[in-house]
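J.: Next comes final-v2.pdb, PDB, C-alpha atoms and all ligand atoms:
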ATOM      1  CA  MET E   1      29.963 -13.436  16.476
ATOM      2  CA  LYS E   2      28.851 -15.013  13.193
ATOM      3  CA  LYS E   3      28.651 -12.750  10.160
ATOM      4  CA  SER E   4      25.111 -12.134   9.007
ATOM      5  CA  VAL E   5      23.439 -11.819   5.627
ATOM      6  CA  LEU E   6      20.154 -10.305   4.496
ATOM      7  CA  VAL E   7      18.571 -11.866   1.397
ATOM      8  CA  THR E   8      15.735  -9.690   0.102
ATOM      9  CA  ASN E   9      13.987 -12.455  -1.862
ATOM     10  CA  LYS E  10      13.216 -16.143  -1.334
ATOM     11  CA  LEU E  11      15.418 -17.176  -4.302
ATOM     12  CA  PHE E  12      15.635 -20.983  -4.436
ATOM     13  CA  GLU E  13      15.936 -22.643  -1.071
ATOM     14  CA  GLU E  14      18.715 -25.120  -1.883
ATOM     15  CA  VAL E  15      20.844 -22.355  -3.368
ATOM     16  CA  LEU E  16      21.230 -20.716   0.031
ATOM     17  CA  ASN E  17      22.889 -23.759   1.670
ATOM     18  CA  PRO E  18      26.512 -22.545   1.503
ATOM     19  CA  LEU E  19      25.463 -19.362   3.327
ATOM     20  CA  LEU E  20      23.231 -21.133   5.859
ATOM     21  CA  ASN E  21      26.081 -23.457   6.863
ATOM     22  CA  ARG E  22      28.459 -20.640   7.597
ATOM     23  CA  PHE E  23      26.577 -17.436   8.489
ATOM     24  CA  GLU E  24      23.412 -16.105  10.123
ATOM     25  CA  VAL E  25      21.005 -15.684   7.215
ATOM     26  CA  GLU E  26      17.775 -13.724   7.187
ATOM     27  CA  VAL E  27      15.578 -14.191   4.134
ATOM     28  CA  PHE E  28      12.606 -12.030   3.218
ATOM     29  CA  GLN E  29      10.104 -14.824   2.687
ATOM     30  CA  GLN E  30       7.678 -13.176   0.282
ATOM     31  CA  ASP E  31       7.542 -13.290  -3.490
ATOM     32  CA  GLU E  32       7.404  -9.524  -3.740
ATOM     33  CA  PRO E  33       9.910  -6.725  -3.249
ATOM     34  CA  MET E  34      10.935  -6.166   0.352
ATOM     35  CA  PRO E  35       9.215  -3.000   1.643
ATOM     36  CA  ARG E  36      11.720  -0.164   1.993
ATOM     37  CA  ASP E  37      11.112   0.414   5.705
ATOM     38  CA  LEU E  38      11.601  -3.238   6.511
ATOM     39  CA  PHE E  39      14.682  -3.383   4.288
ATOM     40  CA  LYS E  40      16.208  -0.466   6.197
ATOM     41  CA  GLU E  41      15.393  -2.047   9.539
ATOM     42  CA  ARG E  42      16.715  -5.528   8.693
ATOM     43  CA  VAL E  43      19.901  -4.495   6.887
ATOM     44  CA  GLU E  44      21.170  -2.440   9.807
ATOM     45  CA  ASP E  45      23.293  -5.100  11.510
ATOM     46  CA  LYS E  46      24.214  -7.177   8.429
ATOM     47  CA  THR E  47      27.677  -7.799   6.972
ATOM     48  CA  GLY E  48      26.403  -9.166   3.666
ATOM     49  CA  LEU E  49      23.444  -8.273   1.465
ATOM     50  CA  ILE E  50      21.946 -10.224  -1.420
ATOM     51  CA  ALA E  51      19.649  -7.811  -3.209
ATOM     52  CA  MET E  52      17.412  -7.772  -6.270
ATOM     53  CA  SER E  53      17.307  -5.133  -8.994
ATOM     54  CA  VAL E  54      14.170  -3.670  -7.389
ATOM     55  CA  ASP E  55      15.991  -2.887  -4.142
ATOM     56  CA  ARG E  56      17.508   0.580  -4.093
ATOM     57  CA  VAL E  57      20.878   0.189  -2.426
ATOM     58  CA  ASP E  58      21.795   3.834  -2.014
ATOM     59  CA  GLN E  59      23.619   6.116   0.364
ATOM     60  CA  GLU E  60      20.777   5.884   2.895
ATOM     61  CA  ILE E  61      21.260   2.112   3.083
ATOM     62  CA  PHE E  62      25.041   2.444   3.403
ATOM     63  CA  ASP E  63      24.550   5.001   6.204
ATOM     64  CA  ILE E  64      22.321   2.572   8.087
ATOM     65  CA  ALA E  65      24.296  -0.618   7.440
ATOM     66  CA  GLN E  66      27.640   0.363   8.922
ATOM     67  CA  SER E  67      28.936  -3.242   9.073
ATOM     68  CA  LEU E  68      28.226  -4.071   5.421
ATOM     69  CA  THR E  69      31.232  -5.460   3.541
ATOM     70  CA  VAL E  70      29.639  -7.026   0.474
ATOM     71  CA  VAL E  71      26.541  -6.359  -1.650
ATOM     72  CA  SER E  72      25.754  -9.075  -4.155
ATOM     73  CA  THR E  73      22.943  -8.366  -6.589
ATOM     74  CA  VAL E  74      20.944 -11.049  -8.383
ATOM     75  CA  SER E  75      21.140  -9.152 -11.657
ATOM     76  CA  VAL E  76      23.598  -8.031 -14.265
ATOM     77  CA  GLY E  77      22.243  -4.469 -14.142
ATOM     78  CA  VAL E  78      23.566  -2.395 -11.240
ATOM     79  CA  ASP E  79      21.834   0.942 -11.753
ATOM     80  CA  HIS E  80      20.001   0.388  -8.437
ATOM     81  CA  ILE E  81      23.257   0.456  -6.482
ATOM     82  CA  ASP E  82      25.287   3.536  -5.567
ATOM     83  CA  ILE E  83      28.637   1.981  -6.444
ATOM     84  CA  GLU E  84      30.523   5.232  -5.936
ATOM     85  CA  THR E  85      29.486   5.530  -2.294
ATOM     86  CA  ALA E  86      30.053   1.809  -1.729
ATOM     87  CA  THR E  87      33.563   2.095  -3.126
ATOM     88  CA  LYS E  88      34.387   5.092  -0.927
ATOM     89  CA  ARG E  89      33.312   3.029   2.060
ATOM     90  CA  GLY E  90      35.232  -0.086   1.026
ATOM     91  CA  ILE E  91      32.104  -2.174   0.352
ATOM     92  CA  MET E  92      32.401  -4.803  -2.388
ATOM     93  CA  ILE E  93      29.718  -4.849  -5.073
ATOM     94  CA  ALA E  94      29.210  -7.937  -7.220
ATOM     95  CA  ASN E  95      26.711  -8.940  -9.931
ATOM     96  CA  THR E  96      25.745 -11.900 -12.118
ATOM     97  CA  PRO E  97      26.804 -11.366 -15.736
ATOM     98  CA  GLY E  98      27.049 -14.096 -18.364
ATOM     99  CA  VAL E  99      24.530 -16.580 -17.016
ATOM    100  CA  LEU E 100      21.539 -14.605 -18.316
ATOM    101  CA  THR E 101      22.906 -13.629 -21.734
ATOM    102  CA  GLU E 102      21.159 -16.226 -23.899
ATOM    103  CA  THR E 103      17.858 -16.078 -22.013
ATOM    104  CA  THR E 104      17.660 -12.307 -22.345
ATOM    105  CA  ALA E 105      18.619 -12.465 -26.029
ATOM    106  CA  ASP E 106      15.828 -15.020 -26.531
ATOM    107  CA  LEU E 107      13.335 -12.580 -25.059
ATOM    108  CA  ALA E 108      14.563  -9.681 -27.215
ATOM    109  CA  PHE E 109      14.094 -11.866 -30.265
ATOM    110  CA  ALA E 110      10.706 -13.084 -29.057
ATOM    111  CA  LEU E 111       9.529  -9.479 -28.605
ATOM    112  CA  MET E 112      10.751  -8.659 -32.083
ATOM    113  CA  MET E 113       8.859 -11.577 -33.596
ATOM    114  CA  THR E 114       5.771 -10.912 -31.493
ATOM    115  CA  VAL E 115       5.433  -7.259 -32.370
ATOM    116  CA  ALA E 116       6.341  -7.716 -36.049
ATOM    117  CA  ARG E 117       3.968 -10.638 -36.615
ATOM    118  CA  ARG E 118       1.290  -9.179 -34.323
ATOM    119  CA  ILE E 119       1.233 -12.337 -32.227
ATOM    120  CA  GLY E 120      -0.144 -10.566 -29.135
ATOM    121  CA  GLU E 121      -3.033  -9.130 -31.099
ATOM    122  CA  ALA E 122      -3.603 -12.432 -32.916
ATOM    123  CA  GLU E 123      -3.668 -14.310 -29.645
ATOM    124  CA  ARG E 124      -6.182 -11.884 -28.148
ATOM    125  CA  TYR E 125      -8.285 -12.189 -31.312
ATOM    126  CA  THR E 126      -8.254 -15.993 -31.203
ATOM    127  CA  ARG E 127      -9.266 -16.110 -27.550
ATOM    128  CA  SER E 128     -11.995 -13.520 -28.021
ATOM    129  CA  GLY E 129     -14.036 -15.904 -30.160
ATOM    130  CA  LYS E 130     -14.080 -13.422 -33.074
ATOM    131  CA  TRP E 131     -12.443 -15.933 -35.435
ATOM    132  CA  LYS E 132     -15.486 -17.155 -37.358
ATOM    133  CA  ILE E 133     -14.213 -17.286 -40.949
ATOM    134  CA  PRO E 134     -10.787 -17.955 -42.462
ATOM    135  CA  ILE E 135      -8.793 -14.733 -42.390
ATOM    136  CA  TYR E 136      -6.714 -13.658 -45.323
ATOM    137  CA  ARG E 137      -6.039  -9.945 -45.152
ATOM    138  CA  ARG E 138      -6.345  -9.399 -41.445
ATOM    139  CA  LEU E 139      -3.601  -9.404 -38.851
ATOM    140  CA  LEU E 140      -0.970  -8.967 -41.518
ATOM    141  CA  GLY E 141       2.387  -8.367 -39.939
ATOM    142  CA  THR E 142       5.886  -7.563 -41.089
ATOM    143  CA  ASP E 143       8.554 -10.074 -42.035
ATOM    144  CA  VAL E 144      11.556 -10.364 -39.781
ATOM    145  CA  TYR E 145      13.779 -12.557 -41.956
ATOM    146  CA  ARG E 146      16.295 -10.719 -44.183
ATOM    147  CA  LYS E 147      15.485  -7.370 -42.545
ATOM    148  CA  THR E 148      18.037  -5.039 -40.980
ATOM    149  CA  LEU E 149      18.577  -5.229 -37.242
ATOM    150  CA  GLY E 150      20.265  -2.341 -35.414
ATOM    151  CA  ILE E 151      21.752  -3.344 -32.064
ATOM    152  CA  ILE E 152      22.576  -0.556 -29.631
ATOM    153  CA  GLY E 153      25.075  -1.819 -27.061
ATOM    154  CA  PHE E 154      27.227  -4.644 -28.402
ATOM    155  CA  GLY E 155      28.157  -6.439 -25.200
ATOM    156  CA  ARG E 156      27.336 -10.033 -24.329
ATOM    157  CA  ILE E 157      23.568  -9.749 -24.822
ATOM    158  CA  GLY E 158      23.751  -7.558 -27.937
ATOM    159  CA  ARG E 159      26.075 -10.107 -29.527
ATOM    160  CA  ALA E 160      23.809 -13.008 -28.571
ATOM    161  CA  VAL E 161      20.944 -11.202 -30.325
ATOM    162  CA  ALA E 162      23.193 -10.748 -33.377
ATOM    163  CA  ARG E 163      23.863 -14.511 -33.427
ATOM    164  CA  ARG E 164      20.133 -15.194 -33.546
ATOM    165  CA  ALA E 165      19.695 -12.626 -36.317
ATOM    166  CA  GLY E 166      22.185 -14.593 -38.427
ATOM    167  CA  GLY E 167      19.756 -17.502 -38.466
ATOM    168  CA  PHE E 168      17.085 -15.195 -39.859
ATOM    169  CA  GLY E 169      19.342 -13.931 -42.659
ATOM    170  CA  MET E 170      19.217 -10.448 -41.168
ATOM    171  CA  LYS E 171      21.716  -7.712 -41.840
ATOM    172  CA  VAL E 172      23.229  -6.730 -38.495
ATOM    173  CA  LEU E 173      24.339  -3.184 -37.664
ATOM    174  CA  TYR E 174      25.589  -2.214 -34.264
ATOM    175  CA  TYR E 175      26.476   0.885 -32.299
ATOM    176  CA  ASP E 176      28.682   0.852 -29.228
ATOM    177  CA  ILE E 177      31.173   3.255 -27.678
ATOM    178  CA  ALA E 178      33.882   0.654 -28.296
ATOM    179  CA  ARG E 179      34.358  -1.160 -31.571
ATOM    180  CA  ALA E 180      34.208  -4.962 -31.349
ATOM    181  CA  ASP E 181      37.216  -7.022 -32.466
ATOM    182  CA  LYS E 182      37.416  -7.667 -36.191
ATOM    183  CA  ALA E 183      37.006 -11.403 -35.499
ATOM    184  CA  VAL E 184      33.737 -10.787 -33.621
ATOM    185  CA  GLU E 185      32.430  -8.488 -36.351
ATOM    186  CA  SER E 186      33.211 -11.020 -39.030
ATOM    187  CA  ASP E 187      31.886 -13.969 -37.020
ATOM    188  CA  LEU E 188      28.569 -12.191 -36.441
ATOM    189  CA  ASN E 189      28.599 -10.388 -39.771
ATOM    190  CA  ALA E 190      27.983  -7.182 -37.835
ATOM    191  CA  HIS E 191      28.819  -3.678 -39.009
ATOM    192  CA  LEU E 192      29.578  -0.731 -36.728
ATOM    193  CA  MET E 193      27.557   2.376 -37.550
ATOM    194  CA  PRO E 194      27.127   5.789 -35.908
ATOM    195  CA  LEU E 195      24.053   5.814 -33.680
ATOM    196  CA  ASP E 196      21.900   8.255 -35.648
ATOM    197  CA  GLU E 197      22.700   6.520 -38.926
ATOM    198  CA  LEU E 198      21.836   3.134 -37.446
ATOM    199  CA  LEU E 199      18.486   4.465 -36.210
ATOM    200  CA  ALA E 200      17.676   5.793 -39.670
ATOM    201  CA  THR E 201      18.629   2.525 -41.385
ATOM    202  CA  ALA E 202      17.355  -0.333 -39.210
ATOM    203  CA  ASP E 203      13.995  -2.088 -39.511
ATOM    204  CA  PHE E 204      14.332  -3.269 -35.921
ATOM    205  CA  VAL E 205      16.281  -1.475 -33.202
ATOM    206  CA  SER E 206      17.143  -3.484 -30.083
ATOM    207  CA  LEU E 207      18.586  -1.849 -26.955
ATOM    208  CA  HIS E 208      21.281  -3.577 -24.919
ATOM    209  CA  VAL E 209      23.087  -0.818 -23.030
ATOM    210  CA  PRO E 210      23.439  -0.589 -19.248
ATOM    211  CA  LEU E 211      21.607   2.328 -17.631
ATOM    212  CA  ASP E 212      23.919   5.119 -16.517
ATOM    213  CA  LYS E 213      24.144   8.883 -16.974
ATOM    214  CA  SER E 214      25.305   8.496 -20.570
ATOM    215  CA  THR E 215      22.438   6.198 -21.620
ATOM    216  CA  GLU E 216      19.508   7.693 -19.671
ATOM    217  CA  LYS E 217      16.902   8.825 -22.236
ATOM    218  CA  LEU E 218      19.296   7.865 -25.029
ATOM    219  CA  ILE E 219      16.244   7.247 -27.190
ATOM    220  CA  ASP E 220      14.341  10.517 -27.119
ATOM    221  CA  GLN E 221      12.090  12.467 -29.455
ATOM    222  CA  ARG E 222      14.924  13.470 -31.784
ATOM    223  CA  ARG E 223      16.255   9.937 -32.129
ATOM    224  CA  LEU E 224      12.797   8.381 -32.461
ATOM    225  CA  ALA E 225      12.147  10.813 -35.304
ATOM    226  CA  LEU E 226      15.204   9.432 -37.095
ATOM    227  CA  MET E 227      13.722   5.919 -37.195
ATOM    228  CA  LYS E 228      11.788   4.660 -40.201
ATOM    229  CA  ARG E 229       8.009   4.818 -39.914
ATOM    230  CA  SER E 230       8.024   1.063 -40.584
ATOM    231  CA  ALA E 231      10.582   0.313 -37.845
ATOM    232  CA  PHE E 232      10.108  -1.365 -34.457
ATOM    233  CA  LEU E 233      11.871  -0.584 -31.177
ATOM    234  CA  ILE E 234      12.726  -3.397 -28.751
ATOM    235  CA  ASN E 235      13.855  -2.809 -25.172
ATOM    236  CA  THR E 236      15.050  -5.493 -22.763
ATOM    237  CA  SER E 237      17.705  -3.311 -21.090
ATOM    238  CA  ARG E 238      16.312  -0.664 -18.727
ATOM    239  CA  GLY E 239      13.173   1.445 -19.130
ATOM    240  CA  LYS E 240      14.946   4.737 -18.492
ATOM    241  CA  VAL E 241      17.077   4.301 -21.623
ATOM    242  CA  ILE E 242      13.975   5.467 -23.508
ATOM    243  CA  ASP E 243      12.083   8.684 -22.853
ATOM    244  CA  GLU E 244       8.716   6.974 -22.364
ATOM    245  CA  ILE E 245       6.641  10.098 -23.005
ATOM    246  CA  ASP E 246       8.456  10.668 -26.291
ATOM    247  CA  LEU E 247       7.960   7.028 -27.220
ATOM    248  CA  ILE E 248       4.232   7.221 -26.566
ATOM    249  CA  LYS E 249       4.018  10.307 -28.796
ATOM    250  CA  ALA E 250       6.014   8.611 -31.567
ATOM    251  CA  LEU E 251       3.759   5.547 -31.418
ATOM    252  CA  LYS E 252       0.577   7.645 -31.346
ATOM    253  CA  HIS E 253       1.697   9.708 -34.328
ATOM    254  CA  LYS E 254       2.842   6.568 -36.147
ATOM    255  CA  GLU E 255       6.406   7.825 -36.389
ATOM    256  CA  ILE E 256       7.453   4.236 -35.754
ATOM    257  CA  ALA E 257       5.493   1.028 -36.385
ATOM    258  CA  GLY E 258       5.558  -0.489 -32.918
ATOM    259  CA  ALA E 259       7.536  -1.482 -29.855
ATOM    260  CA  GLY E 260       8.337  -4.578 -27.828
ATOM    261  CA  LEU E 261       9.030  -3.567 -24.240
ATOM    262  CA  ASP E 262      10.109  -5.655 -21.262
ATOM    263  CA  VAL E 263      11.277  -2.730 -19.140
ATOM    264  CA  PHE E 264       9.702   0.595 -18.180
ATOM    265  CA  GLU E 265      10.581   3.905 -16.596
ATOM    266  CA  ARG E 266       8.644   3.340 -13.374
ATOM    267  CA  GLU E 267       8.163  -0.403 -12.945
ATOM    268  CA  PRO E 268       5.710  -1.863 -12.158
ATOM    269  CA  CYS E 269       3.647   1.204 -13.159
ATOM    270  CA  LEU E 270       2.867   1.369 -16.843
ATOM    271  CA  PRO E 271       1.396   4.349 -18.655
ATOM    272  CA  ARG E 272      -2.213   3.651 -19.666
ATOM    273  CA  GLU E 273      -1.469   4.814 -23.221
ATOM    274  CA  LEU E 274       0.993   1.962 -23.719
ATOM    275  CA  ILE E 275      -1.430  -0.599 -22.332
ATOM    276  CA  GLU E 276      -4.074   0.509 -24.786
ATOM    277  CA  MET E 277      -1.905   0.339 -27.904
ATOM    278  CA  GLU E 278      -2.277  -2.736 -30.093
ATOM    279  CA  ASN E 279       1.087  -2.240 -31.808
ATOM    280  CA  VAL E 280       2.994  -2.554 -28.553
ATOM    281  CA  VAL E 281       3.983  -5.799 -26.848
ATOM    282  CA  LEU E 282       4.486  -5.514 -23.101
ATOM    283  CA  THR E 283       6.116  -7.987 -20.720
ATOM    284  CA  PRO E 284       6.857  -7.512 -16.983
ATOM    285  CA  HIS E 285      10.684  -7.406 -16.905
ATOM    286  CA  ILE E 286      11.144 -11.128 -17.625
ATOM    287  CA  GLY E 287      14.332 -10.923 -19.714
ATOM    288  CA  SER E 288      16.197 -13.439 -17.564
ATOM    289  CA  ALA E 289      13.121 -15.251 -16.281
ATOM    290  CA  SER E 290      13.675 -18.870 -17.224
ATOM    291  CA  TYR E 291      13.866 -21.392 -14.412
ATOM    292  CA  GLU E 292      17.404 -22.441 -15.390
ATOM    293  CA  THR E 293      18.747 -18.919 -15.646
ATOM    294  CA  ARG E 294      17.165 -17.501 -12.520
ATOM    295  CA  LYS E 295      18.601 -20.433 -10.586
ATOM    296  CA  LYS E 296      22.083 -19.841 -12.001
ATOM    297  CA  MET E 297      21.797 -16.143 -11.131
ATOM    298  CA  ALA E 298      20.849 -16.979  -7.563
ATOM    299  CA  GLU E 299      23.742 -19.463  -7.267
ATOM    300  CA  LEU E 300      26.211 -16.921  -8.575
ATOM    301  CA  ALA E 301      24.911 -14.174  -6.279
ATOM    302  CA  VAL E 302      25.237 -16.515  -3.299
ATOM    303  CA  GLU E 303      28.768 -17.466  -4.364
ATOM    304  CA  ASN E 304      29.769 -13.793  -4.748
ATOM    305  CA  CYS E 305      28.437 -13.011  -1.295
ATOM    306  CA  PHE E 306      29.987 -16.101   0.277
ATOM    307  CA  LEU E 307      33.431 -15.335  -1.164
ATOM    308  CA  GLY E 308      33.239 -11.696  -0.098
ATOM    309  CA  LEU E 309      32.321 -12.597   3.476
ATOM    310  CA  GLU E 310      35.095 -15.182   3.583
ATOM    311  CA  GLY E 311      37.629 -12.475   2.703
ATOM    312  CA  ARG E 312      38.033 -13.904  -0.815
ATOM    313  CA  ARG E 313      37.484 -12.034  -4.064
ATOM    314  CA  PRO E 314      33.898 -12.370  -5.386
ATOM    315  CA  ARG E 315      33.805 -13.828  -8.915
ATOM    316  CA  TYR E 316      32.197 -10.749 -10.422
ATOM    317  CA  LEU E 317      33.471  -7.859  -8.390
ATOM    318  CA  LEU E 318      32.544  -4.503  -9.909
ATOM    319  CA  ASN E 319      34.743  -2.250  -7.779
ATOM    320  CA  PRO E 320      38.132  -4.000  -7.697
ATOM    321  CA  GLU E 321      39.725  -0.908  -6.150
ATOM    322  CA  VAL E 322      38.018  -1.965  -2.902
ATOM    323  CA  TRP E 323      39.467  -5.424  -3.247
ATOM    324  CA  LYS E 324      42.962  -4.072  -3.735
ATOM    325  CA  GLU E 325      42.605  -2.265  -0.434
ATOM    326  CA  LYS E 326      41.300  -5.409   1.221
ATOM    327  CA  GLY E 327      44.082  -7.485  -0.345
ATOM    328  CA  ASP E 328      46.617  -5.066   1.050
ATOM    329  CA  LYS E 329      45.006  -5.300   4.463
ATOM    330  CA  ILE E 330      44.854  -9.082   4.321
ATOM    331  CA  SER E 331      48.461  -9.617   3.238
TER
HETATM  332  C1  LIG E 401      19.242  -7.967 -14.781
HETATM  333  O1  LIG E 401      19.891  -8.963 -14.491
HETATM  334  O2  LIG E 401      19.723  -6.834 -14.756
HETATM  335  C2  LIG E 401      17.823  -8.182 -15.134
HETATM  336  O3  LIG E 401      17.279  -7.073 -15.772
HETATM  337  C3  LIG E 401      17.038  -8.530 -13.897
HETATM  338  O4  LIG E 401      16.817  -7.377 -13.200
END
Written as structure tokens, how would this file's structure read?
T.:
Amino acid sequence: MKKSVLVTNKLFEEVLNPLLNRFEVEVFQQDEPMPRDLFKERVEDKTGLIAMSVDRVDQEIFDIAQSLTVVSTVSVGVDHIDIETATKRGIMIANTPGVLTETTADLAFALMMTVARRIGEAERYTRSGKWKIPIYRRLLGTDVYRKTLGIIGFGRIGRAVARRAGGFGMKVLYYDIARADKAVESDLNAHLMPLDELLATADFVSLHVPLDKSTEKLIDQRRLALMKRSAFLINTSRGKVIDEIDLIKALKHKEIAGAGLDVFEREPCLPRELIEMENVVLTPHIGSASYETRKKMAELAVENCFLGLEGRRPRYLLNPEVWKEKGDKIS
């Protein structure tokens, strides 16, 4: 019997060809998340799964899908997957790092520019027809160039943001659990700083950590209170890295100047308070959403799944201990 794959999103048709030629492939043909009940029903007999970051791939799914050998997610973030359970059951988990680095860094920078220069507000103002006379002292924003940028999480995306900051003559501080190589620090002119000190020093704080137990609600009331009243918070990582209620309070009480947010605690539900704030820029989780990048992500996810089903090591395997076991079995 042919191995079978469930793909929970249409992706790009041509990208699926390697799978279609070799396996039974079932694709959820809508441009919206696959409903949970349907997901559970359709994954039951599958050997491979290509999932999106909105699909919760948890113990319940692993209990249902007893034949699953590989889960390939079309995302770099893997907080939606229970990797521990997958590993115990010998299921390979793979993701798509690297290909979305520059696109996501572009968005972080765009949010920074947009919130600092009040571009969202200015755009709404222009469209509203209120612009009747030349404006001189209205819609005044904050300069970005030569300011201090604090990057929390200095992996691929954090570093790509630092590279952009160089072009704006910004001073770059970073916080990470591991110090970057000296060569990287000097290339990016980036300085390691303890987290609380960075928060108190930066004019812009940009978050680039993965979501896990150690980063959930990393930015809470206490840490928001450390930030300058003139500072802006940018988040293109995961919504749950910020305590959203604390953020709303800090914005309301003007403890910080504004925020640029692409990710939220309970997507796609947004708190009304955030929607109503002028000093907040909101985008619907589009960090990697350029045509080129989304296509590369889909290709890589398909390749990871294909390799896994063929008994070969997926390019970006996150639980190599499973592979070792498989390797041992294969040899
Ligand atoms: C990612 O790749 O993790 C993006 O946030 C898309 O979900």
J.: Suppose you want the space between atom CA of E:Thr69 and atom CA of E:Gly308; what is it in Å?
T.: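 Atom-to-atom, atom CA of E:Thr69 to atom CA of E:Gly308, that is 7.5 Å.
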J.: Within 12 Å of ligand LIG 401 (chain E), counting all atoms listed in the file: which residues, as a VMD selection string?
T.: chain E and resid 51 to 55 72 to 81 94 to 105 107 157 208 to 211 235 to 239 262 to 264 267 284 to 290 293 to 294 296 to 298 300 to 301
J.: Have a look at atom CA of E:Leu6 and atom CA of E:Pro18 and let me know their distance in Å, one decimal.
T.: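 Between atom CA of E:Leu6 and atom CA of E:Pro18 the gap is 14.1 Å.
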J.: Write out as a list in words each polymer residue whose atoms come within 10 Å of E:Met1, counting only C-alpha atoms; drop sequence neighbours fewer than 3 positions from it.
T.: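 What passes the distance filter is Ser4, Phe23 and Glu24 of chain E.
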J.: Which one is closest to E:Asp63: E:Ser206, E:Thr47, E:Thr142, E:Thr85? Count all atoms listed in the file.
T.: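 The answer is E:Thr85, which sits nearest to E:Asp63.
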J.: Of the candidates E:Ala86, E:Ile275, E:Met92, E:Leu188, which one gets nearest to E:Arg164 if we count all atoms listed in the file?
T.: E:Leu188
J.: Nearest residue to E:Leu207 out of E:Lys254, E:Lys240, E:Arg36, E:Lys228, using all atoms listed in the file?
T.: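 Checking each of E:Lys254, E:Lys240, E:Arg36, E:Lys228 against E:Leu207, counting all atoms listed in the file, the winner is E:Lys240.
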J.: For the structure provided, state which residues fall under the PyMOL selection byres (((chain E and resi 205) around 12) and not hetatm), and present them as a PDB file with C-alpha atoms, in the coordinates of the input.
T.:
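Listing of part-v8.pdb after writing:
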ATOM      1  CA  ALA E 108      14.563  -9.681 -27.215  1.00  0.00           C
ATOM      2  CA  PHE E 109      14.094 -11.866 -30.265  1.00  0.00           C
ATOM      3  CA  LEU E 111       9.529  -9.479 -28.605  1.00  0.00           C
ATOM      4  CA  MET E 112      10.751  -8.659 -32.083  1.00  0.00           C
ATOM      5  CA  LYS E 147      15.485  -7.370 -42.545  1.00  0.00           C
ATOM      6  CA  THR E 148      18.037  -5.039 -40.980  1.00  0.00           C
ATOM      7  CA  LEU E 149      18.577  -5.229 -37.242  1.00  0.00           C
ATOM      8  CA  GLY E 150      20.265  -2.341 -35.414  1.00  0.00           C
ATOM      9  CA  ILE E 151      21.752  -3.344 -32.064  1.00  0.00           C
ATOM     10  CA  ILE E 152      22.576  -0.556 -29.631  1.00  0.00           C
ATOM     11  CA  GLY E 153      25.075  -1.819 -27.061  1.00  0.00           C
ATOM     12  CA  GLY E 158      23.751  -7.558 -27.937  1.00  0.00           C
ATOM     13  CA  VAL E 161      20.944 -11.202 -30.325  1.00  0.00           C
ATOM     14  CA  ALA E 162      23.193 -10.748 -33.377  1.00  0.00           C
ATOM     15  CA  LYS E 171      21.716  -7.712 -41.840  1.00  0.00           C
ATOM     16  CA  VAL E 172      23.229  -6.730 -38.495  1.00  0.00           C
ATOM     17  CA  LEU E 173      24.339  -3.184 -37.664  1.00  0.00           C
ATOM     18  CA  TYR E 174      25.589  -2.214 -34.264  1.00  0.00           C
ATOM     19  CA  TYR E 175      26.476   0.885 -32.299  1.00  0.00           C
ATOM     20  CA  LEU E 195      24.053   5.814 -33.680  1.00  0.00           C
ATOM     21  CA  ASP E 196      21.900   8.255 -35.648  1.00  0.00           C
ATOM     22  CA  GLU E 197      22.700   6.520 -38.926  1.00  0.00           C
ATOM     23  CA  LEU E 198      21.836   3.134 -37.446  1.00  0.00           C
ATOM     24  CA  LEU E 199      18.486   4.465 -36.210  1.00  0.00           C
ATOM     25  CA  ALA E 200      17.676   5.793 -39.670  1.00  0.00           C
ATOM     26  CA  THR E 201      18.629   2.525 -41.385  1.00  0.00           C
ATOM     27  CA  ALA E 202      17.355  -0.333 -39.210  1.00  0.00           C
ATOM     28  CA  ASP E 203      13.995  -2.088 -39.511  1.00  0.00           C
ATOM     29  CA  PHE E 204      14.332  -3.269 -35.921  1.00  0.00           C
ATOM     30  CA  SER E 206      17.143  -3.484 -30.083  1.00  0.00           C
ATOM     31  CA  LEU E 207      18.586  -1.849 -26.955  1.00  0.00           C
ATOM     32  CA  HIS E 208      21.281  -3.577 -24.919  1.00  0.00           C
ATOM     33  CA  ILE E 219      16.244   7.247 -27.190  1.00  0.00           C
ATOM     34  CA  ARG E 223      16.255   9.937 -32.129  1.00  0.00           C
ATOM     35  CA  LEU E 224      12.797   8.381 -32.461  1.00  0.00           C
ATOM     36  CA  LEU E 226      15.204   9.432 -37.095  1.00  0.00           C
ATOM     37  CA  MET E 227      13.722   5.919 -37.195  1.00  0.00           C
ATOM     38  CA  LYS E 228      11.788   4.660 -40.201  1.00  0.00           C
ATOM     39  CA  SER E 230       8.024   1.063 -40.584  1.00  0.00           C
ATOM     40  CA  ALA E 231      10.582   0.313 -37.845  1.00  0.00           C
ATOM     41  CA  PHE E 232      10.108  -1.365 -34.457  1.00  0.00           C
ATOM     42  CA  LEU E 233      11.871  -0.584 -31.177  1.00  0.00           C
ATOM     43  CA  ILE E 234      12.726  -3.397 -28.751  1.00  0.00           C
ATOM     44  CA  ASN E 235      13.855  -2.809 -25.172  1.00  0.00           C
ATOM     45  CA  THR E 236      15.050  -5.493 -22.763  1.00  0.00           C
ATOM     46  CA  ILE E 256       7.453   4.236 -35.754  1.00  0.00           C
ATOM     47  CA  ALA E 257       5.493   1.028 -36.385  1.00  0.00           C
ATOM     48  CA  GLY E 258       5.558  -0.489 -32.918  1.00  0.00           C
ATOM     49  CA  ALA E 259       7.536  -1.482 -29.855  1.00  0.00           C
ATOM     50  CA  GLY E 260       8.337  -4.578 -27.828  1.00  0.00           C
ATOM     51  CA  LEU E 261       9.030  -3.567 -24.240  1.00  0.00           C
TER      52      LEU E 261
END
J.: Between atom CA of E:Tyr316 and atom CA of E:Glu303, measure the distance and give it in Å to one decimal.
T.: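 Straight-line distance from atom CA of E:Tyr316 to atom CA of E:Glu303 works out to 9.7 Å.
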